[in-house]
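Contents: one structure, followed by commentary.
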Amino acid sequence: MTFLQIFLGALRWREISADCGAPLATTQALRFNLIGAFFNQTLPSSIGGDAVRLWLVGRSGAGWRAATYSIFVDRAIGLIALAIIIVASLPWSYRLIDDSHGRSALLFVDFAALAGGASFLVLGRLNWPWLKRWWGTHHLHACSAIANRVIFSRAHGPKLAVLSLLVHVLTVVIAWCVVRSIAAPVLFGQIFQLIPPVMLITMLPISIAGWGVREATMGLAFGYAGLMTNEGVNISLLFGAVSFMVGAFGGLVWIFSAEKAAQGSKPIEVPE
């Protein structure tokens, strides 16, 4: 399921990167995503994997700006899709959580993510001249414009929507496989309601590969839902172990990749 998730993520990234001026073949996007999965285990959140994917695309001839845009827009669209899933499941997850503090936290996380995604998309539709003059706002505005173009495109929009939703649904399926493997007394519906908010919080770049934050959040979410906290921690640990093993496979892809051979023993550096 994790490898399938990476493949679907590669298909989505391929669609986005083509519109950013950094076209990728399916096999190339899949290979870069596998390598990114390895480097995701080395830095907070997905910073390591995104940085290496950016470097790989930039060195392939697409240019650093197009490579950066493709990574940023890909992450932004994934975040928007996750926020939509969380908000859509809110009526059921709100009933699942009895604790008032847990409900408040859930509402805050849900609408903060949705507001952030909506604000990002609205930015690309603004025609204020200063947005295009300032260095920081210029690139952010350009990324937002690209995101609007691909999301609301008849050619790319439906495909991106399906791929983005499937990527996050597979996260729930992976967690459900872990639940089944240890015979935890948790229903699929409960996992579907609890995992997306936990994954959203895990995106915060405050721990290596999400370790610690994911376990604490999962245990807290399970406790708020009236489930056993230790089961949530166990599920989170095994979920992280699956990601680590798949990342190790991505490390082998990196070791035997043409990019690694061409670079030799030189450190990875992005030229000024």
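The chains in the structure tokens are called A, B, ... from first to last as shown; in each chain the residues are counted from 1, and the ligands are counted from 1 in the order shown.
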Please tabulate, as JSON lines, the residues of stretch 13-69 of chain A that come within 12 Å of stretch 208-232 of chain A, each with its closest pair of atoms and the distance in Å to one decimal, counting only C-alpha atoms and ordering rows by chain, then residue number upward.
```
{"residue": "A:Gly36", "atom": "CA", "partner": "A:Ala209", "partner_atom": "CA", "distance": 11.8}
{"residue": "A:Ala37", "atom": "CA", "partner": "A:Ala209", "partner_atom": "CA", "distance": 9.9}
{"residue": "A:Phe38", "atom": "CA", "partner": "A:Ala209", "partner_atom": "CA", "distance": 10.1}
{"residue": "A:Phe39", "atom": "CA", "partner": "A:Ala209", "partner_atom": "CA", "distance": 9.1}
{"residue": "A:Asn40", "atom": "CA", "partner": "A:Ala209", "partner_atom": "CA", "distance": 5.9}
{"residue": "A:Gln41", "atom": "CA", "partner": "A:Ala209", "partner_atom": "CA", "distance": 4.9}
{"residue": "A:Thr42", "atom": "CA", "partner": "A:Ile208", "partner_atom": "CA", "distance": 6.3}
{"residue": "A:Leu43", "atom": "CA", "partner": "A:Ile208", "partner_atom": "CA", "distance": 5.0}
{"residue": "A:Pro44", "atom": "CA", "partner": "A:Ile208", "partner_atom": "CA", "distance": 4.1}
{"residue": "A:Ser45", "atom": "CA", "partner": "A:Ala209", "partner_atom": "CA", "distance": 4.9}
{"residue": "A:Ser46", "atom": "CA", "partner": "A:Ala209", "partner_atom": "CA", "distance": 6.7}
{"residue": "A:Ile47", "atom": "CA", "partner": "A:Ala209", "partner_atom": "CA", "distance": 8.8}
{"residue": "A:Gly48", "atom": "CA", "partner": "A:Ala209", "partner_atom": "CA", "distance": 8.8}
{"residue": "A:Gly49", "atom": "CA", "partner": "A:Ala209", "partner_atom": "CA", "distance": 9.9}
```
Those of stretch 128-254 of chain A in DSSP helix (DSSP H, G or I), formatted as JSON, numbers by chain: {"A": [129, 130, 131, 132, 133, 135, 136, 137, 138, 139, 140, 141, 142, 143, 144, 145, 146, 147, 148, 149, 150, 151, 157, 158, 159, 160, 161, 162, 163, 164, 165, 166, 167, 168, 169, 170, 171, 172, 173, 174, 175, 176, 177, 178, 179, 180, 181, 188, 189, 190, 191, 192, 193, 194, 195, 196, 197, 198, 199, 200, 201, 202, 213, 214, 215, 216, 217, 218, 219, 220, 221, 222, 223, 224, 229, 230, 231, 232, 233, 234, 235, 236, 237, 238, 239, 240, 241, 242, 243, 244, 245, 246, 247, 248, 249, 250, 251, 252, 253, 254]}
Take the selection from the previous step and output its residues with C-alpha atoms, as a compact mmCIF listing (two decimals), in the first residue's frame.
```
# COMPACT_ATOMS: atom_id res chain seq x y z
CA PRO A 129 1.01 44.86 -8.95
CA TRP A 130 3.10 44.76 -5.76
CA LEU A 131 2.51 40.99 -5.46
CA LYS A 132 4.50 40.51 -8.64
CA ARG A 133 7.21 43.06 -7.81
CA TRP A 135 10.76 38.83 -4.52
CA GLY A 136 8.95 36.73 -1.89
CA THR A 137 5.40 37.49 -2.96
CA HIS A 138 6.32 37.17 -6.64
CA HIS A 139 7.25 33.48 -6.35
CA LEU A 140 4.42 32.68 -3.95
CA HIS A 141 1.94 34.36 -6.31
CA ALA A 142 3.37 32.42 -9.25
CA CYS A 143 2.99 29.10 -7.36
CA SER A 144 -0.58 29.99 -6.44
CA ALA A 145 -1.40 30.86 -10.05
CA ILE A 146 -0.05 27.50 -11.19
CA ALA A 147 -2.06 25.70 -8.50
CA ASN A 148 -5.23 27.47 -9.62
CA ARG A 149 -4.51 26.63 -13.22
CA VAL A 150 -4.02 22.90 -12.67
CA ILE A 151 -6.75 22.45 -10.04
CA GLY A 157 -8.23 19.06 -12.30
CA PRO A 158 -10.30 15.85 -12.01
CA LYS A 159 -7.21 13.66 -12.27
CA LEU A 160 -5.38 15.67 -9.60
CA ALA A 161 -8.42 15.55 -7.31
CA VAL A 162 -8.71 11.75 -7.59
CA LEU A 163 -4.97 11.17 -7.15
CA SER A 164 -4.73 13.55 -4.17
CA LEU A 165 -7.69 11.98 -2.38
CA LEU A 166 -6.42 8.45 -3.06
CA VAL A 167 -2.99 9.31 -1.63
CA HIS A 168 -4.56 10.32 1.68
CA VAL A 169 -7.07 7.45 1.69
CA LEU A 170 -4.14 5.06 1.28
CA THR A 171 -2.59 6.55 4.42
CA VAL A 172 -5.72 5.43 6.26
CA VAL A 173 -5.54 2.00 4.59
CA ILE A 174 -1.89 1.61 5.66
CA ALA A 175 -2.85 2.45 9.25
CA TRP A 176 -5.75 -0.01 9.01
CA CYS A 177 -3.33 -2.74 7.86
CA VAL A 178 -1.26 -1.99 10.96
CA VAL A 179 -4.39 -2.20 13.13
CA ARG A 180 -5.25 -5.59 11.66
CA SER A 181 -1.70 -6.87 12.11
CA PHE A 188 -11.95 1.27 10.12
CA GLY A 189 -14.32 4.23 10.48
CA GLN A 190 -12.51 5.34 13.62
CA ILE A 191 -9.15 5.12 11.87
CA PHE A 192 -10.54 7.09 8.91
CA GLN A 193 -11.66 9.88 11.24
CA LEU A 194 -8.51 10.01 13.39
CA ILE A 195 -5.61 9.48 10.98
CA PRO A 196 -6.02 12.53 8.65
CA PRO A 197 -5.86 15.14 11.47
CA VAL A 198 -2.86 13.31 12.96
CA MET A 199 -1.09 13.34 9.59
CA LEU A 200 -1.82 17.04 9.21
CA ILE A 201 -0.19 17.80 12.56
CA THR A 202 2.74 15.50 11.72
CA VAL A 213 4.98 14.16 17.24
CA ARG A 214 3.06 11.41 15.44
CA GLU A 215 3.10 9.11 18.48
CA ALA A 216 2.07 11.85 20.92
CA THR A 217 -0.70 13.10 18.64
CA MET A 218 -1.98 9.59 17.88
CA GLY A 219 -2.07 8.66 21.56
CA LEU A 220 -3.87 11.89 22.39
CA ALA A 221 -6.37 11.43 19.55
CA PHE A 222 -7.13 7.87 20.64
CA GLY A 223 -7.61 9.02 24.21
CA TYR A 224 -10.01 11.79 23.15
CA THR A 229 -3.92 5.45 24.27
CA ASN A 230 -1.29 2.71 24.14
CA GLU A 231 -2.96 1.22 21.05
CA GLY A 232 -2.66 4.58 19.31
CA VAL A 233 1.04 4.77 20.16
CA ASN A 234 1.63 1.19 18.98
CA ILE A 235 -0.14 1.84 15.69
CA SER A 236 1.88 5.02 15.18
CA LEU A 237 5.19 3.25 15.90
CA LEU A 238 4.42 0.47 13.42
CA PHE A 239 3.21 3.02 10.87
CA GLY A 240 6.55 4.81 11.22
CA ALA A 241 8.41 1.50 10.91
CA VAL A 242 6.65 0.80 7.60
CA SER A 243 7.66 4.24 6.31
CA PHE A 244 11.23 3.61 7.47
CA MET A 245 11.45 0.26 5.62
CA VAL A 246 10.05 1.73 2.42
CA GLY A 247 12.47 4.64 2.84
CA ALA A 248 15.31 2.12 3.12
CA PHE A 249 14.28 0.70 -0.26
CA GLY A 250 14.35 4.26 -1.59
CA GLY A 251 17.90 4.50 -0.25
CA LEU A 252 18.89 1.55 -2.42
CA VAL A 253 17.31 3.29 -5.43
CA TRP A 254 19.42 6.35 -4.60
```
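Between atom CA of A:Trp55 and atom CA of A:Thr26 lies a distance of 17.7 Å.
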Contacts of stretch 67-84 of chain A at 7 Å or less, counting only C-alpha atoms, minus same-chain residues fewer than 5 places along, as a PDB file with N, CA and C atoms, in the first residue's frame?
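Wrote it out as around_3.pdb, contents follow:
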```
ATOM      1  N   TRP A  13       2.511  14.392  -9.102  1.00  0.00           N
ATOM      2  CA  TRP A  13       3.642  15.299  -9.258  1.00  0.00           C
ATOM      3  C   TRP A  13       3.980  15.481 -10.734  1.00  0.00           C
ATOM      4  N   ILE A  16       1.637  18.019 -12.242  1.00  0.00           N
ATOM      5  CA  ILE A  16       1.923  19.373 -11.773  1.00  0.00           C
ATOM      6  C   ILE A  16       3.226  19.900 -12.367  1.00  0.00           C
ATOM      7  N   SER A  17       4.257  19.067 -12.372  1.00  0.00           N
ATOM      8  CA  SER A  17       5.569  19.517 -12.840  1.00  0.00           C
ATOM      9  C   SER A  17       5.543  19.893 -14.317  1.00  0.00           C
ATOM     10  N   CYS A  20       4.556  23.319 -14.586  1.00  0.00           N
ATOM     11  CA  CYS A  20       5.552  24.233 -14.003  1.00  0.00           C
ATOM     12  C   CYS A  20       6.778  24.399 -14.907  1.00  0.00           C
ATOM     13  N   ALA A  22       8.726  21.800 -15.773  1.00  0.00           N
ATOM     14  CA  ALA A  22       9.714  20.794 -15.386  1.00  0.00           C
ATOM     15  C   ALA A  22       9.136  19.407 -15.665  1.00  0.00           C
ATOM     16  N   ASP A  50      11.835  16.563   0.053  1.00  0.00           N
ATOM     17  CA  ASP A  50      11.506  17.635  -0.887  1.00  0.00           C
ATOM     18  C   ASP A  50      12.767  18.321  -1.396  1.00  0.00           C
ATOM     19  N   LEU A  54      13.872  18.358  -5.260  1.00  0.00           N
ATOM     20  CA  LEU A  54      14.144  19.632  -5.925  1.00  0.00           C
ATOM     21  C   LEU A  54      15.510  19.601  -6.610  1.00  0.00           C
ATOM     22  N   VAL A  57      15.433  17.285  -9.743  1.00  0.00           N
ATOM     23  CA  VAL A  57      14.736  17.888 -10.881  1.00  0.00           C
ATOM     24  C   VAL A  57      15.539  19.057 -11.436  1.00  0.00           C
ATOM     25  N   GLY A  58      16.112  19.867 -10.548  1.00  0.00           N
ATOM     26  CA  GLY A  58      16.913  21.003 -10.994  1.00  0.00           C
ATOM     27  C   GLY A  58      18.112  20.579 -11.820  1.00  0.00           C
ATOM     28  N   ALA A  62      15.687  21.090 -15.853  1.00  0.00           N
ATOM     29  CA  ALA A  62      14.455  21.881 -15.800  1.00  0.00           C
ATOM     30  C   ALA A  62      14.694  23.289 -15.260  1.00  0.00           C
ATOM     31  N   ASP A 110      -8.659  21.665  11.685  1.00  0.00           N
ATOM     32  CA  ASP A 110      -9.414  21.546  10.439  1.00  0.00           C
ATOM     33  C   ASP A 110      -9.500  22.871   9.705  1.00  0.00           C
ATOM     34  N   ALA A 113      -6.165  24.602   8.525  1.00  0.00           N
ATOM     35  CA  ALA A 113      -5.635  24.027   7.288  1.00  0.00           C
ATOM     36  C   ALA A 113      -6.463  24.467   6.086  1.00  0.00           C
ATOM     37  N   LEU A 114      -7.777  24.443   6.237  1.00  0.00           N
ATOM     38  CA  LEU A 114      -8.648  24.840   5.131  1.00  0.00           C
ATOM     39  C   LEU A 114      -8.489  26.320   4.805  1.00  0.00           C
ATOM     40  N   GLY A 117      -5.165  26.793   2.956  1.00  0.00           N
ATOM     41  CA  GLY A 117      -5.254  26.368   1.558  1.00  0.00           C
ATOM     42  C   GLY A 117      -6.066  27.331   0.718  1.00  0.00           C
ATOM     43  N   CYS A 143       3.366  30.462  -7.765  1.00  0.00           N
ATOM     44  CA  CYS A 143       2.986  29.096  -7.364  1.00  0.00           C
ATOM     45  C   CYS A 143       1.477  28.980  -7.203  1.00  0.00           C
ATOM     46  N   ALA A 147      -1.139  26.583  -9.210  1.00  0.00           N
ATOM     47  CA  ALA A 147      -2.062  25.696  -8.495  1.00  0.00           C
ATOM     48  C   ALA A 147      -3.494  25.916  -8.956  1.00  0.00           C
ATOM     49  N   SER A 164      -5.004  12.966  -5.482  1.00  0.00           N
ATOM     50  CA  SER A 164      -4.731  13.549  -4.167  1.00  0.00           C
ATOM     51  C   SER A 164      -5.561  12.875  -3.083  1.00  0.00           C
ATOM     52  N   LEU A 165      -6.833  12.637  -3.366  1.00  0.00           N
ATOM     53  CA  LEU A 165      -7.692  11.983  -2.383  1.00  0.00           C
ATOM     54  C   LEU A 165      -7.249  10.545  -2.143  1.00  0.00           C
ATOM     55  N   HIS A 168      -4.232  10.202   0.253  1.00  0.00           N
ATOM     56  CA  HIS A 168      -4.559  10.319   1.679  1.00  0.00           C
ATOM     57  C   HIS A 168      -5.416   9.151   2.163  1.00  0.00           C
ATOM     58  N   PRO A 196      -6.307  11.294   9.395  1.00  0.00           N
ATOM     59  CA  PRO A 196      -6.016  12.532   8.650  1.00  0.00           C
ATOM     60  C   PRO A 196      -5.615  13.724   9.526  1.00  0.00           C
TER      61      PRO A 196
END
```
Straight-line distance linking atom CA of A:Arg154 with atom CA of A:Arg14, stated in Å to one decimal: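 About the pair atom CA of A:Arg154 and atom CA of A:Arg14: they are 16.5 Å apart.
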Best match for closeness to A:Ile35 among A:Ala51, A:Leu126, A:Leu107, A:Ala262, counting only C-alpha atoms: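 When distances to A:Ile35 are compared using only C-alpha atoms, the smallest one comes from A:Ala51.
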For atom CA of A:Leu90 and atom CA of A:Phe111, the interatomic separation in Å (one decimal):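 About the pair atom CA of A:Leu90 and atom CA of A:Phe111: they are 10.4 Å apart.
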